[in-house]
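Report on the following structure.
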Amino acid sequence: MLSSHWRLDPAVVFLNHGSFGACPAAVLDEQARLRSLIEAQPVRFLHRELGDRIAAALVDLARFLNADAADLAFVTNATTAVVRSLDFKSGDELLATNHGYNACNNTLRYVAAKGGAKVVIADLPFPIASADDAVRAVMAAVTDRTRLVLLDHITSPTAIILPVERLVRELAARGIDTLVDGAHAPGMLPLDLNSLGAAYYTGNCHKWLCAPKGAAFLWVRKDRQERIHPTVISHGANATLAGRTRFRVEFDWLGTHDPTPALCVPTAIRTMAALVPGGWPEIMKRNHALALEGRDILAKALNVAAPAPDSMIGSMAALRVSDAPKPLDLLGVDELQYRLLDRGIEVPVVHFPAYPTRWIRISAQLYNLPDHYRRLASALL
Ligand SMILES: Cc1ncc(COP(=O)(O)O)c(C=O)c1O
């Protein structure tokens with residue numbers, strides 16, 4: 001059983017890999033080993049060795065992402081990476097979508113407000129018939145004042161893959177930079193950051209790559225690196241470069257912290273790849289097939305249609321359930337989520353485009369089985 005590689009509570013049917021991931025035991029063991037090394041000689045590890053350890057981990061990550069390690073920096077999470085150091089001025093427009101992740105759209109609003117720029121939201125349909133509809137909706141919201149577009153590679157509430165390759169290309173042809181929020185992408189979709197050529201790409205390693213929590217990256221195209229700084233200004237701002245770029249020196253040390261999540265990324269890549277004979281391509285294929293199977297089990301039981309074509313689905317899928325009959329609680333949680341938890345099922349209930357319209361968002365990771373979705377279907381019924 002592949003689930004034996006995780007330490008998930010066996011009493012819970014865990015259908016929410018999407019929110020925070022889940023880390024295999026072997027990766028947690030490596031994290032514990034690294035933490036022991038830190039505590040055995042904190043100064044050696046954090047002062048003298050850390051730079052080389054980060055550089056080595058980034059080389060492995062770069063190979064996985066088809067990127068140049070010099071264009072990558074570790075950050076704690078995708079929210080942190082959404083580029084706060086950019087400057088815009090009055091009259092500029094920053095474009096995001098109605099499927100965007102609230103925390104990142106908030107950062108965009110903050111950055112826009114600082115310079116008197118405006119955030120415009122492109123309305124993408126949902127249900128959605130094709131990737132063309134997403135391209136049309138984004139491009140229809142572009143004006144000659146658009147300076148930056150924030151696109152989720154895989155959307156959070158609706159779990160669809162946006163055609164970022166096409167959008168980055170079409171936007172670049174109009175002189176517009178794209179920031180891709182690929183929070184869910186590494187480990188769910190094959191990535192080729194070099195050929196994608198976005199201005200900025202951020203991704204979490206703690207979701208589908210199954211690294212410990214607090215491992216994510218920011219990739220910045222070489223011609224944009226000078227304008228990007230971390231949210232925390234630290235020694236890197238005036239440290240000697242010693243052959244490194246200012247971009248990397250600034251991001252590599254943001255004050256004392258636990259670097260083990262980032263340093264475990266190579267172990268996470270290798271550990272996961274070894275779980276199935278075909279490595280990462282097989283993981284992605286299996287998870288995609290299981291997400292579709294789970295979606296179809298639920299769609300049939302609930303008598304609802306799939307809201308997106310199979311080609312726009314990765315390892316998560318959203319399905320419509322009845323409108324919320326009661327207001328959300330103070331944490332913004334729907335009562336249905338608590339009722340499913342009472343039956344031992346952890347799955348997010350999301351509201352899109354807004355309360356009371358609600359959806360169930362399932363995830364499929366190697367530890368999941370078709371029977372998990374059958375249990376969810378019968379609980380929903
Ligand atoms: C599209 C998107 N962006 C950003 C995030 C935030 O990720 P993190 O909490 O790791 O910053 C998520 C989390 O689910 C997400 O779905």
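We label chains A, B, ... in the order they appear in the structure tokens, count residues from 1 in each chain, and number ligands from 1 in the order shown.
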Check segment 143-288 of chain A with DSSP on the backbone and list each residue it calls strand (DSSP E or B), as a list in words.
Thr146, Arg147, Leu148, Val149, Leu150, Leu151, Asp152, Ile154, Ile161, Asp177, Thr178, Leu179, Val180, Asp181, Gly182, Pro186, Leu189, Tyr200, Tyr201, Thr202, Gly203, Asn204, Ala216, Phe217, Leu218, Trp219 and Val220 of chain A
Interface rows for chain A against ligand 1: nearest pair, Å to one decimal, 8 Å, only C-alpha atoms and all ligand atoms, as JSON lines:
```
{"residue": "A:Gly18", "atom": "CA", "partner": "ligand 1", "partner_atom_place_in_ligand_line": "14 (O)", "distance": 6.3}
{"residue": "A:Ser19", "atom": "CA", "partner": "ligand 1", "partner_atom_place_in_ligand_line": "14 (O)", "distance": 4.8}
{"residue": "A:Phe20", "atom": "CA", "partner": "ligand 1", "partner_atom_place_in_ligand_line": "14 (O)", "distance": 7.0}
{"residue": "A:Thr76", "atom": "CA", "partner": "ligand 1", "partner_atom_place_in_ligand_line": "10 (O)", "distance": 7.5}
{"residue": "A:Asn77", "atom": "CA", "partner": "ligand 1", "partner_atom_place_in_ligand_line": "11 (O)", "distance": 4.1}
{"residue": "A:Ala78", "atom": "CA", "partner": "ligand 1", "partner_atom_place_in_ligand_line": "11 (O)", "distance": 3.9}
{"residue": "A:Thr79", "atom": "CA", "partner": "ligand 1", "partner_atom_place_in_ligand_line": "11 (O)", "distance": 3.6}
{"residue": "A:Thr80", "atom": "CA", "partner": "ligand 1", "partner_atom_place_in_ligand_line": "11 (O)", "distance": 6.3}
{"residue": "A:Ala81", "atom": "CA", "partner": "ligand 1", "partner_atom_place_in_ligand_line": "11 (O)", "distance": 7.9}
{"residue": "A:Gly100", "atom": "CA", "partner": "ligand 1", "partner_atom_place_in_ligand_line": "1 (C)", "distance": 6.3}
{"residue": "A:Tyr101", "atom": "CA", "partner": "ligand 1", "partner_atom_place_in_ligand_line": "1 (C)", "distance": 5.0}
{"residue": "A:Ala103", "atom": "CA", "partner": "ligand 1", "partner_atom_place_in_ligand_line": "4 (C)", "distance": 7.0}
{"residue": "A:Cys104", "atom": "CA", "partner": "ligand 1", "partner_atom_place_in_ligand_line": "4 (C)", "distance": 6.3}
{"residue": "A:Asp152", "atom": "CA", "partner": "ligand 1", "partner_atom_place_in_ligand_line": "1 (C)", "distance": 5.2}
{"residue": "A:His153", "atom": "CA", "partner": "ligand 1", "partner_atom_place_in_ligand_line": "1 (C)", "distance": 7.1}
{"residue": "A:Ile154", "atom": "CA", "partner": "ligand 1", "partner_atom_place_in_ligand_line": "1 (C)", "distance": 6.2}
{"residue": "A:Thr155", "atom": "CA", "partner": "ligand 1", "partner_atom_place_in_ligand_line": "1 (C)", "distance": 5.1}
{"residue": "A:Ser156", "atom": "CA", "partner": "ligand 1", "partner_atom_place_in_ligand_line": "16 (O)", "distance": 3.9}
{"residue": "A:Pro157", "atom": "CA", "partner": "ligand 1", "partner_atom_place_in_ligand_line": "16 (O)", "distance": 7.4}
{"residue": "A:Asp181", "atom": "CA", "partner": "ligand 1", "partner_atom_place_in_ligand_line": "3 (N)", "distance": 5.7}
{"residue": "A:Gly182", "atom": "CA", "partner": "ligand 1", "partner_atom_place_in_ligand_line": "1 (C)", "distance": 6.4}
{"residue": "A:Ala183", "atom": "CA", "partner": "ligand 1", "partner_atom_place_in_ligand_line": "3 (N)", "distance": 4.8}
{"residue": "A:His184", "atom": "CA", "partner": "ligand 1", "partner_atom_place_in_ligand_line": "16 (O)", "distance": 6.1}
{"residue": "A:Asn204", "atom": "CA", "partner": "ligand 1", "partner_atom_place_in_ligand_line": "10 (O)", "distance": 5.9}
{"residue": "A:His206", "atom": "CA", "partner": "ligand 1", "partner_atom_place_in_ligand_line": "10 (O)", "distance": 7.2}
{"residue": "A:Lys207", "atom": "CA", "partner": "ligand 1", "partner_atom_place_in_ligand_line": "10 (O)", "distance": 7.6}
{"residue": "A:Lys213", "atom": "CA", "partner": "ligand 1", "partner_atom_place_in_ligand_line": "10 (O)", "distance": 8.0}
{"residue": "A:Gly214", "atom": "CA", "partner": "ligand 1", "partner_atom_place_in_ligand_line": "10 (O)", "distance": 7.2}
{"residue": "A:Ala216", "atom": "CA", "partner": "ligand 1", "partner_atom_place_in_ligand_line": "10 (O)", "distance": 7.3}
```
Exercise: segment 250-267 of chain A partners within 8 Å, only C-alpha atoms, chain neighbours under 2 positions left out, as a PyMOL selection string:
chain A and resi 27+30-31+34-35+51+53-54+57+60-61+73-75+205+209+211-216+229-230+232-237+246-248+269-271
Which residues are near Asp296 of chain A? Cut-off 9 Å, only C-alpha atoms, ignore same chain within fewer than 4 positions. Put them as a tab-separated table (two decimals) with N, CA and C atoms, in the first residue's frame.
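Produced file selection_6.tsv, reproduced below:
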```
chain	number	residue	atom	x	y	z
A	291	ALA	N	-7.88	11.47	-10.12
A	291	ALA	CA	-8.71	12.67	-9.93
A	291	ALA	C	-9.93	12.60	-10.86
A	292	LEU	N	-9.70	12.15	-12.10
A	292	LEU	CA	-10.83	12.04	-13.04
A	292	LEU	C	-11.80	10.94	-12.59
A	300	LYS	N	-21.51	11.22	-10.99
A	300	LYS	CA	-22.59	10.25	-11.23
A	300	LYS	C	-23.51	10.18	-10.01
A	301	ALA	N	-22.88	10.07	-8.83
A	301	ALA	CA	-23.69	9.94	-7.62
A	301	ALA	C	-24.53	11.19	-7.37
A	305	ALA	N	-22.82	17.67	-13.74
A	305	ALA	CA	-21.86	17.56	-14.85
A	305	ALA	C	-20.49	18.01	-14.39
A	306	ALA	N	-19.46	17.45	-15.01
A	306	ALA	CA	-18.08	17.93	-14.74
A	306	ALA	C	-17.99	19.37	-15.26
```
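Atom CA of Ala173 of chain A to atom CA of Ala198 of chain A spans 11.9 Å [interatomic distance, one decimal].
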As JSON, numbers by chain, please: every residue in segment 59-183 of chain A that a backbone DSSP assignment puts in helix (DSSP H, G or I).
{"A": [59, 60, 61, 62, 63, 64, 65, 69, 70, 71, 78, 79, 80, 81, 102, 103, 104, 105, 106, 107, 108, 109, 110, 111, 112, 113, 114, 115, 131, 132, 133, 134, 135, 136, 137, 138, 139, 140, 164, 165, 166, 167, 168, 169, 170, 171, 172, 173]}
